[in-house]
Amino acid sequence: MRIFYFLVGYTESLKGYGSYMSKYISSTKNSIIGQIIAIFFIEISSSAAFAVFFSGLSLYLTQKEIHSEYSATLITGLFLSLNYFLPFIGGSIANTLISCKKLYCLGTLLSLAGCSILAFGNNLYLGLSLFLMSSLVTNVCLKMFITDLFDESQVKERRAAFMWSYAGMNAGFLMGYFISGYSTNHNSYTNLFMFMGVLLAISIGLTLLFITDNQSIKYKKSNINQLLSTSLLLTLVVLLINFLLKFAAVTEKYITWITISGMLCLVCYGYSKINIDERIKYLKFISYSTLTILFWSLYMLTPIAFMQLIDHDVERNIVGITLAPQWFMNADAIIILMIAPVLAILMNKSKSKTKSGMNNISYFVLAFTFCIFALLILLGGFSQISNLKIPAWSMLGCLVMLAIGEIFVSPIGDSLIGELIPSSMRAMMTGYWSMNIGIGALLATSISNTLLLPYINKNGLIDQNLVNIQQNITIICTGLFILTLSIFIYNQLVIVRNNFKLGSGKSKSEVKI
């Protein structure tokens with residue numbers, strides 16, 4: 001309904017556009033629903049811009065720049081790794097220097113400058129470094145926008161809002177994949193980067209108009225000093241990234257240890273800063289983070305190993321049409337767009353007895369269960385190989401199950417920050433949560449290199465390779481089943497214990513009465 005009024009106001013612009021919009025923005029910017037709608041569209045704009053690099057950077061480097069495939073792969077891999085590491089820096093800045101709203105606008109403005117350099121300039125590394133400032137601020141700031149809308153007791157409302165945000169992110173990825181593929185086919189990269197700049201400008205405008213800045217009062221510095229301090233720090237980060245990208249071959253060897261060391265230091269730092277009464281919640285958060293890393297180590301098999309499997313060993317010719325390997329990846333975004341909003345509505349309308357609905361461990365049980373289904377469907381395809389190729393339905397079914405599992409981990413996990421982490425450390429721990437994906441990707445790389453990739457054959461799955469890859473997937477599936485069953489049993493014991501305590505409390509009160 002609010003979107004309808006917005007459009008009506010737009011059509012009446014000739015009769016008093018300024019007056020109407022000022023009243024509308026004034027009534028909307030303080031509305032939780034209005035801000036969630038704005039965050040949804042900000043996610044679309046920001047994610048579409050990043051999806052272009054996620055899907056097309058390697059092709060751009062080999063087609064438009066003088067880079068070999070090996071060099072392009074190194075730069076692309078480092079670029080994506082930094083995407084998961086930088087939110088930690090963004091969270092630290094938001095915790096100490098400047099509010100999330102101002103940080104998001106400033107970082108996205110630098111990304112817009114990076115798009116301009118890539119479109120009209122010739123400094124590849126500086127352009128990529130500036131664009132990564134969007135990665136530094138987007139993940140942390142958008143999640144903090146949602147976290148700050150609800151108090152600690154509004155668990156279901158927060159989770160539902162994260163579901164909508166996650167749906168917006170995947171809508172942006174769908175848009176970005178389409179734009180990137182179109183530009184690659186037509187070799188129109190200048191227009192591509194210009195369009196990305198437009199998307200980033202839209203996200204800045206939406207943030208300025210509709211997001212309420214509730215954090216500025218906690219910073220002692222003036223607005224000018226906040227902006228100057230943050231701009232100087234971001235400039236140093238850009239220069240460092242520029243240096244790392246220029247020497248990608250050397251940097252990649254150390255990025256793993258840098259990421260792991262940063263996470264361990266952050267865990268210890270957070271534990272020392274949190275009050276004794278809140279440390280149990282903090283340790284729970286770290287435990288959930290560990291489960292998240294395990295999930296991402298399975299999920300990230302898709303871009304690392306499964307894409308190679310799709311390219312070489314999956315039957316992609318359907319009804320006379322040869323599907324591109326990247327089109328299989330769209331199953332992830334489509335499923336999330338279809339299911340995430342439904343889950344968000346169900347969470348808000350839940351009639352469960354407890355105010356927060358299912359407990360947190362239950363979501364991880366569901367996520368790992370769908371991962372098991374994904375591997376079982378993939379194994380089912382191995383039993384129906386034709387012409388040394390796996391049927392397409394098997395791979396698509398696997399990706400769909402992984403996408404459903406992702407819905408239970410990513411947005412639900414983000415809401416844990418508002419439930420378990422004190423407000424003074426939420427921005428920083430949001431960055432920590434994003435680093436879990438990077439660690440999961442590193443584990444997925446190890447799994448791929450040892451259990452899957454050695455047996456993927458460009459000429460199709462021959463008998464010996466087929467046996468080996470089936471055995472290894474069965475090993476992964478069995479280990480995952482044992483892990484999931486253990487978590488499920490532990491969760492049931494926790495529920496029984498809590499119900500027993502609740503029952504004991506009721507009986508005592510009845511005696512007193």
# chains A, B, ... in the order shown; residues from 1 in each chain; ligands from 1
$ select_by_dssp --residues "region 214-399 of chain A" --states "helix (DSSP H, G or I)" --output "JSON, numbers by chain"
{"A": [216, 217, 218, 223, 224, 225, 226, 227, 228, 229, 230, 231, 232, 233, 234, 235, 236, 237, 238, 239, 240, 241, 242, 243, 244, 245, 246, 248, 249, 250, 251, 252, 253, 254, 255, 256, 257, 258, 259, 260, 261, 262, 263, 264, 265, 266, 267, 268, 269, 270, 271, 272, 273, 276, 277, 278, 279, 280, 281, 282, 283, 284, 285, 286, 287, 288, 289, 290, 291, 292, 293, 294, 295, 296, 297, 298, 299, 301, 302, 303, 304, 305, 306, 307, 308, 309, 310, 311, 312, 313, 325, 326, 327, 328, 329, 330, 331, 332, 333, 334, 335, 336, 337, 338, 339, 340, 341, 342, 343, 344, 345, 346, 347, 348, 360, 361, 362, 363, 364, 365, 366, 367, 368, 369, 370, 371, 372, 373, 374, 375, 376, 377, 378, 379, 380, 381, 382, 392, 393, 394, 395, 396, 397, 398, 399]}
$ residues_around --residues "region 195-198 of chain A" --least-positions-apart "5" --cutoff "6 Å" --atoms "only C-alpha atoms" --output "MDAnalysis selection string"
chainID A and resid 49 112 115
$ write_last_selection --atoms "N, CA and C atoms" --output "PDB file, in the first residue's frame"
ATOM      1  N   ALA A  49      24.783  -5.216  -8.228  1.00  0.00           N
ATOM      2  CA  ALA A  49      26.099  -4.693  -8.585  1.00  0.00           C
ATOM      3  C   ALA A  49      27.204  -5.698  -8.258  1.00  0.00           C
ATOM      4  N   LEU A 112      30.866   3.543  -6.142  1.00  0.00           N
ATOM      5  CA  LEU A 112      30.401   4.219  -7.346  1.00  0.00           C
ATOM      6  C   LEU A 112      31.582   4.837  -8.100  1.00  0.00           C
ATOM      7  N   CYS A 115      33.293   2.099 -10.010  1.00  0.00           N
ATOM      8  CA  CYS A 115      32.609   1.776 -11.264  1.00  0.00           C
ATOM      9  C   CYS A 115      32.937   2.789 -12.350  1.00  0.00           C
TER      10      CYS A 115
END
$ closest_residue --among "A:Ile202, A:Leu61, A:Leu86, A:Ile487" --to "Leu240 (chain A)" --atoms "only C-alpha atoms"
A:Leu86
$ closest_atom_pairs --of "region 124-230 of chain A" --to "region 36-40 of chain A" --cutoff "7 Å" --atoms "only C-alpha atoms" --output "CSV"
residue,atom,partner,partner_atom,distance
A:Leu142,CA,A:Ile39,CA,7.0
A:Ala161,CA,A:Ile36,CA,6.8
A:Trp164,CA,A:Phe40,CA,6.5
A:Ser165,CA,A:Phe40,CA,5.1
A:Gly168,CA,A:Phe40,CA,5.0
A:Leu206,CA,A:Ala38,CA,6.3
A:Phe210,CA,A:Ala38,CA,6.4
$ closest_residue --among "A:Ile404, A:Cys141, A:Leu366, A:Val314" --to "Gly381 (chain A)" --atoms "only C-alpha atoms"
A:Val314
$ closest_atom_pairs --of "region 94-189 of chain A" --to "region 330-342 of chain A" --cutoff "6 Å" --atoms "only C-alpha atoms" --output "CSV"
residue,atom,partner,partner_atom,distance
A:Met163,CA,A:Ala340,CA,5.4
A:Trp164,CA,A:Pro341,CA,5.8
A:Ala167,CA,A:Leu337,CA,5.0
A:Asn170,CA,A:Ala333,CA,5.0
$ residues_around --residues "region 118-128 of chain A" --least-positions-apart "2" --cutoff "6 Å" --atoms "only C-alpha atoms" --output "ChimeraX atom specification"
/A:114-116,130-131,190,193,242
$ residues_around --residues "Asn472 (chain A)" --least-positions-apart "2" --cutoff "12 Å" --atoms "only C-alpha atoms" --output "PyMOL selection string"
chain A and resi 375+379+447-455+465-470+474-479
$ residues_around --residues "region 280-288 of chain A" --least-positions-apart "2" --cutoff "7 Å" --atoms "only C-alpha atoms" --output "number ranges by chain"
A: 278, 290-292, 420-421
$ closest_residue --among "A:Ile390, A:Glu43, A:Asn223, A:Pro422" --to "Ile276 (chain A)" --atoms "only C-alpha atoms"
A:Pro422
$ closest_residue --among "A:Met133, A:Leu149, A:Leu97, A:Ile293" --to "Ile224 (chain A)" --atoms "only C-alpha atoms"
A:Leu97
$ select_by_dssp --residues "region 300-510 of chain A" --states "strand (DSSP E or B)" --output "list in words"
Val314, Asn317, Ile318, Ile321, Thr322, Ser386, Lys389 and Ile390 of chain A
$ write_last_selection --atoms "N, CA, C and O atoms" --output "PDB file, in the first residue's frame"
ATOM      1  N   VAL A 314      27.537 -33.440 -16.591  1.00  0.00           N
ATOM      2  CA  VAL A 314      26.077 -33.380 -16.473  1.00  0.00           C
ATOM      3  C   VAL A 314      25.488 -33.202 -17.874  1.00  0.00           C
ATOM      4  O   VAL A 314      26.000 -32.414 -18.681  1.00  0.00           O
ATOM      5  N   ASN A 317      22.033 -30.895 -22.391  1.00  0.00           N
ATOM      6  CA  ASN A 317      21.216 -30.750 -23.593  1.00  0.00           C
ATOM      7  C   ASN A 317      19.804 -31.236 -23.296  1.00  0.00           C
ATOM      8  O   ASN A 317      19.546 -32.428 -23.158  1.00  0.00           O
ATOM      9  N   ILE A 318      18.862 -30.293 -23.170  1.00  0.00           N
ATOM     10  CA  ILE A 318      17.474 -30.604 -22.823  1.00  0.00           C
ATOM     11  C   ILE A 318      16.557 -30.069 -23.921  1.00  0.00           C
ATOM     12  O   ILE A 318      16.562 -28.875 -24.216  1.00  0.00           O
ATOM     13  N   ILE A 321      18.106 -27.902 -26.430  1.00  0.00           N
ATOM     14  CA  ILE A 321      18.726 -26.658 -25.961  1.00  0.00           C
ATOM     15  C   ILE A 321      19.841 -27.010 -24.977  1.00  0.00           C
ATOM     16  O   ILE A 321      19.627 -27.768 -24.030  1.00  0.00           O
ATOM     17  N   THR A 322      21.016 -26.478 -25.210  1.00  0.00           N
ATOM     18  CA  THR A 322      22.145 -26.711 -24.323  1.00  0.00           C
ATOM     19  C   THR A 322      22.182 -25.627 -23.243  1.00  0.00           C
ATOM     20  O   THR A 322      22.396 -24.443 -23.551  1.00  0.00           O
ATOM     21  N   SER A 386      23.625 -41.739 -18.350  1.00  0.00           N
ATOM     22  CA  SER A 386      23.423 -42.056 -19.759  1.00  0.00           C
ATOM     23  C   SER A 386      24.505 -41.361 -20.575  1.00  0.00           C
ATOM     24  O   SER A 386      24.718 -40.146 -20.426  1.00  0.00           O
ATOM     25  N   LYS A 389      27.022 -39.316 -18.689  1.00  0.00           N
ATOM     26  CA  LYS A 389      26.583 -38.030 -18.155  1.00  0.00           C
ATOM     27  C   LYS A 389      25.518 -38.226 -17.081  1.00  0.00           C
ATOM     28  O   LYS A 389      24.667 -39.115 -17.178  1.00  0.00           O
ATOM     29  N   ILE A 390      25.560 -37.372 -16.060  1.00  0.00           N
ATOM     30  CA  ILE A 390      24.539 -37.381 -15.008  1.00  0.00           C
ATOM     31  C   ILE A 390      23.308 -36.638 -15.517  1.00  0.00           C
ATOM     32  O   ILE A 390      23.430 -35.596 -16.154  1.00  0.00           O
TER      33      ILE A 390
END
$ residues_around --residues "Ile412 (chain A)" --least-positions-apart "2" --cutoff "9 Å" --atoms "only C-alpha atoms" --output "list in words"
Arg158, Arg159, Ala160, Phe162, Met163, Asn360, Tyr363, Ile407, Phe408, Val409, Ser410, Asp414, Ser415 and Leu416 of chain A
$ closest_residue --among "A:Thr302, A:Lys143, A:Leu266, A:Ile32" --to "Thr212 (chain A)" --atoms "only C-alpha atoms"
A:Ile32
$ closest_residue --among "A:Ile495, A:Val140, A:Leu402, A:Leu174" --to "Ser297 (chain A)" --atoms "only C-alpha atoms"
A:Leu402
$ residues_around --residues "Met435 (chain A)" --least-positions-apart "2" --cutoff "10 Å" --atoms "only C-alpha atoms" --output "list in words"
Ser81, Leu82, Asn83, Tyr84, Phe85, Leu86, Pro87, Phe88, Thr259, Ile260, Gly262, Met263, Ser289, Ile293, Met429, Thr430, Gly431, Tyr432, Trp433, Ile437, Gly438, Ile439, Gly440 and Ala441 of chain A
$ decode --residues "region 414-445 of chain A" --atoms "N, CA, C and O atoms" --output "PDB file, in the first residue's frame"
ATOM      1  N   ASP A 414      21.763 -14.521  10.987  1.00  0.00           N
ATOM      2  CA  ASP A 414      21.962 -13.082  11.181  1.00  0.00           C
ATOM      3  C   ASP A 414      21.147 -12.553  12.354  1.00  0.00           C
ATOM      4  O   ASP A 414      21.573 -11.643  13.075  1.00  0.00           O
ATOM      5  N   SER A 415      19.957 -13.111  12.548  1.00  0.00           N
ATOM      6  CA  SER A 415      19.111 -12.627  13.641  1.00  0.00           C
ATOM      7  C   SER A 415      19.687 -12.995  15.010  1.00  0.00           C
ATOM      8  O   SER A 415      19.338 -12.378  16.015  1.00  0.00           O
ATOM      9  N   LEU A 416      20.580 -13.997  15.064  1.00  0.00           N
ATOM     10  CA  LEU A 416      21.190 -14.381  16.339  1.00  0.00           C
ATOM     11  C   LEU A 416      22.017 -13.248  16.933  1.00  0.00           C
ATOM     12  O   LEU A 416      22.187 -13.169  18.146  1.00  0.00           O
ATOM     13  N   ILE A 417      22.538 -12.393  16.064  1.00  0.00           N
ATOM     14  CA  ILE A 417      23.357 -11.276  16.551  1.00  0.00           C
ATOM     15  C   ILE A 417      22.521 -10.372  17.447  1.00  0.00           C
ATOM     16  O   ILE A 417      22.974  -9.919  18.499  1.00  0.00           O
ATOM     17  N   GLY A 418      21.267 -10.115  17.035  1.00  0.00           N
ATOM     18  CA  GLY A 418      20.391  -9.289  17.859  1.00  0.00           C
ATOM     19  C   GLY A 418      19.936  -9.981  19.123  1.00  0.00           C
ATOM     20  O   GLY A 418      19.581  -9.313  20.097  1.00  0.00           O
ATOM     21  N   GLU A 419      19.933 -11.322  19.127  1.00  0.00           N
ATOM     22  CA  GLU A 419      19.458 -12.068  20.288  1.00  0.00           C
ATOM     23  C   GLU A 419      20.549 -12.313  21.327  1.00  0.00           C
ATOM     24  O   GLU A 419      20.278 -12.313  22.531  1.00  0.00           O
ATOM     25  N   LEU A 420      21.796 -12.533  20.885  1.00  0.00           N
ATOM     26  CA  LEU A 420      22.838 -13.027  21.782  1.00  0.00           C
ATOM     27  C   LEU A 420      23.997 -12.062  22.011  1.00  0.00           C
ATOM     28  O   LEU A 420      24.784 -12.276  22.933  1.00  0.00           O
ATOM     29  N   ILE A 421      24.131 -11.037  21.183  1.00  0.00           N
ATOM     30  CA  ILE A 421      25.283 -10.135  21.281  1.00  0.00           C
ATOM     31  C   ILE A 421      24.845  -8.783  21.825  1.00  0.00           C
ATOM     32  O   ILE A 421      23.823  -8.229  21.375  1.00  0.00           O
ATOM     33  N   PRO A 422      25.564  -8.216  22.797  1.00  0.00           N
ATOM     34  CA  PRO A 422      25.232  -6.879  23.307  1.00  0.00           C
ATOM     35  C   PRO A 422      25.285  -5.839  22.198  1.00  0.00           C
ATOM     36  O   PRO A 422      26.046  -5.967  21.239  1.00  0.00           O
ATOM     37  N   SER A 423      24.480  -4.809  22.318  1.00  0.00           N
ATOM     38  CA  SER A 423      24.376  -3.799  21.261  1.00  0.00           C
ATOM     39  C   SER A 423      25.710  -3.131  20.960  1.00  0.00           C
ATOM     40  O   SER A 423      25.958  -2.723  19.822  1.00  0.00           O
ATOM     41  N   SER A 424      26.596  -3.028  21.946  1.00  0.00           N
ATOM     42  CA  SER A 424      27.877  -2.360  21.738  1.00  0.00           C
ATOM     43  C   SER A 424      28.814  -3.124  20.806  1.00  0.00           C
ATOM     44  O   SER A 424      29.768  -2.558  20.288  1.00  0.00           O
ATOM     45  N   MET A 425      28.545  -4.415  20.574  1.00  0.00           N
ATOM     46  CA  MET A 425      29.429  -5.226  19.738  1.00  0.00           C
ATOM     47  C   MET A 425      28.729  -5.835  18.534  1.00  0.00           C
ATOM     48  O   MET A 425      29.317  -6.645  17.811  1.00  0.00           O
ATOM     49  N   ARG A 426      27.499  -5.447  18.268  1.00  0.00           N
ATOM     50  CA  ARG A 426      26.746  -6.106  17.206  1.00  0.00           C
ATOM     51  C   ARG A 426      27.325  -5.863  15.816  1.00  0.00           C
ATOM     52  O   ARG A 426      27.370  -6.771  14.991  1.00  0.00           O
ATOM     53  N   ALA A 427      27.750  -4.638  15.536  1.00  0.00           N
ATOM     54  CA  ALA A 427      28.297  -4.352  14.212  1.00  0.00           C
ATOM     55  C   ALA A 427      29.550  -5.178  13.942  1.00  0.00           C
ATOM     56  O   ALA A 427      29.729  -5.752  12.866  1.00  0.00           O
ATOM     57  N   MET A 428      30.429  -5.261  14.955  1.00  0.00           N
ATOM     58  CA  MET A 428      31.661  -6.023  14.793  1.00  0.00           C
ATOM     59  C   MET A 428      31.371  -7.509  14.602  1.00  0.00           C
ATOM     60  O   MET A 428      31.964  -8.183  13.750  1.00  0.00           O
ATOM     61  N   MET A 429      30.448  -8.047  15.392  1.00  0.00           N
ATOM     62  CA  MET A 429      30.147  -9.470  15.289  1.00  0.00           C
ATOM     63  C   MET A 429      29.364  -9.791  14.017  1.00  0.00           C
ATOM     64  O   MET A 429      29.378 -10.932  13.558  1.00  0.00           O
ATOM     65  N   THR A 430      28.697  -8.807  13.436  1.00  0.00           N
ATOM     66  CA  THR A 430      28.094  -9.011  12.123  1.00  0.00           C
ATOM     67  C   THR A 430      29.172  -9.246  11.084  1.00  0.00           C
ATOM     68  O   THR A 430      29.034 -10.093  10.189  1.00  0.00           O
ATOM     69  N   GLY A 431      30.273  -8.498  11.196  1.00  0.00           N
ATOM     70  CA  GLY A 431      31.415  -8.745  10.316  1.00  0.00           C
ATOM     71  C   GLY A 431      32.024 -10.113  10.552  1.00  0.00           C
ATOM     72  O   GLY A 431      32.416 -10.814   9.605  1.00  0.00           O
ATOM     73  N   TYR A 432      32.099 -10.515  11.809  1.00  0.00           N
ATOM     74  CA  TYR A 432      32.616 -11.847  12.138  1.00  0.00           C
ATOM     75  C   TYR A 432      31.741 -12.931  11.504  1.00  0.00           C
ATOM     76  O   TYR A 432      32.252 -13.920  10.967  1.00  0.00           O
ATOM     77  N   TRP A 433      30.421 -12.749  11.565  1.00  0.00           N
ATOM     78  CA  TRP A 433      29.512 -13.747  11.013  1.00  0.00           C
ATOM     79  C   TRP A 433      29.736 -13.920   9.506  1.00  0.00           C
ATOM     80  O   TRP A 433      29.654 -15.025   8.972  1.00  0.00           O
ATOM     81  N   SER A 434      30.029 -12.823   8.821  1.00  0.00           N
ATOM     82  CA  SER A 434      30.269 -12.904   7.381  1.00  0.00           C
ATOM     83  C   SER A 434      31.562 -13.651   7.069  1.00  0.00           C
ATOM     84  O   SER A 434      31.663 -14.322   6.035  1.00  0.00           O
ATOM     85  N   MET A 435      32.529 -13.551   7.947  1.00  0.00           N
ATOM     86  CA  MET A 435      33.792 -14.254   7.734  1.00  0.00           C
ATOM     87  C   MET A 435      33.608 -15.768   7.786  1.00  0.00           C
ATOM     88  O   MET A 435      34.441 -16.518   7.256  1.00  0.00           O
ATOM     89  N   ASN A 436      32.512 -16.233   8.414  1.00  0.00           N
ATOM     90  CA  ASN A 436      32.252 -17.669   8.443  1.00  0.00           C
ATOM     91  C   ASN A 436      32.136 -18.252   7.037  1.00  0.00           C
ATOM     92  O   ASN A 436      32.545 -19.393   6.786  1.00  0.00           O
ATOM     93  N   ILE A 437      31.579 -17.473   6.119  1.00  0.00           N
ATOM     94  CA  ILE A 437      31.427 -17.950   4.737  1.00  0.00           C
ATOM     95  C   ILE A 437      32.800 -18.165   4.110  1.00  0.00           C
ATOM     96  O   ILE A 437      33.025 -19.145   3.394  1.00  0.00           O
ATOM     97  N   GLY A 438      33.721 -17.235   4.389  1.00  0.00           N
ATOM     98  CA  GLY A 438      35.069 -17.375   3.853  1.00  0.00           C
ATOM     99  C   GLY A 438      35.761 -18.631   4.359  1.00  0.00           C
ATOM    100  O   GLY A 438      36.400 -19.357   3.581  1.00  0.00           O
ATOM    101  N   ILE A 439      35.633 -18.901   5.660  1.00  0.00           N
ATOM    102  CA  ILE A 439      36.229 -20.122   6.216  1.00  0.00           C
ATOM    103  C   ILE A 439      35.565 -21.356   5.613  1.00  0.00           C
ATOM    104  O   ILE A 439      36.221 -22.351   5.285  1.00  0.00           O
ATOM    105  N   GLY A 440      34.236 -21.304   5.463  1.00  0.00           N
ATOM    106  CA  GLY A 440      33.529 -22.417   4.838  1.00  0.00           C
ATOM    107  C   GLY A 440      33.995 -22.664   3.417  1.00  0.00           C
ATOM    108  O   GLY A 440      34.133 -23.817   2.985  1.00  0.00           O
ATOM    109  N   ALA A 441      34.267 -21.591   2.684  1.00  0.00           N
ATOM    110  CA  ALA A 441      34.759 -21.737   1.313  1.00  0.00           C
ATOM    111  C   ALA A 441      36.137 -22.390   1.291  1.00  0.00           C
ATOM    112  O   ALA A 441      36.453 -23.193   0.395  1.00  0.00           O
ATOM    113  N   LEU A 442      36.971 -22.061   2.278  1.00  0.00           N
ATOM    114  CA  LEU A 442      38.302 -22.680   2.350  1.00  0.00           C
ATOM    115  C   LEU A 442      38.182 -24.181   2.609  1.00  0.00           C
ATOM    116  O   LEU A 442      38.899 -24.988   2.005  1.00  0.00           O
ATOM    117  N   LEU A 443      37.282 -24.556   3.532  1.00  0.00           N
ATOM    118  CA  LEU A 443      37.065 -25.981   3.793  1.00  0.00           C
ATOM    119  C   LEU A 443      36.486 -26.679   2.564  1.00  0.00           C
ATOM    120  O   LEU A 443      36.848 -27.820   2.245  1.00  0.00           O
ATOM    121  N   ALA A 444      35.570 -25.995   1.860  1.00  0.00           N
ATOM    122  CA  ALA A 444      34.988 -26.572   0.647  1.00  0.00           C
ATOM    123  C   ALA A 444      36.053 -26.798  -0.418  1.00  0.00           C
ATOM    124  O   ALA A 444      35.996 -27.786  -1.168  1.00  0.00           O
ATOM    125  N   THR A 445      37.026 -25.909  -0.466  1.00  0.00           N
ATOM    126  CA  THR A 445      38.120 -26.077  -1.425  1.00  0.00           C
ATOM    127  C   THR A 445      38.911 -27.345  -1.117  1.00  0.00           C
ATOM    128  O   THR A 445      39.268 -28.113  -2.026  1.00  0.00           O
TER     129      THR A 445
END
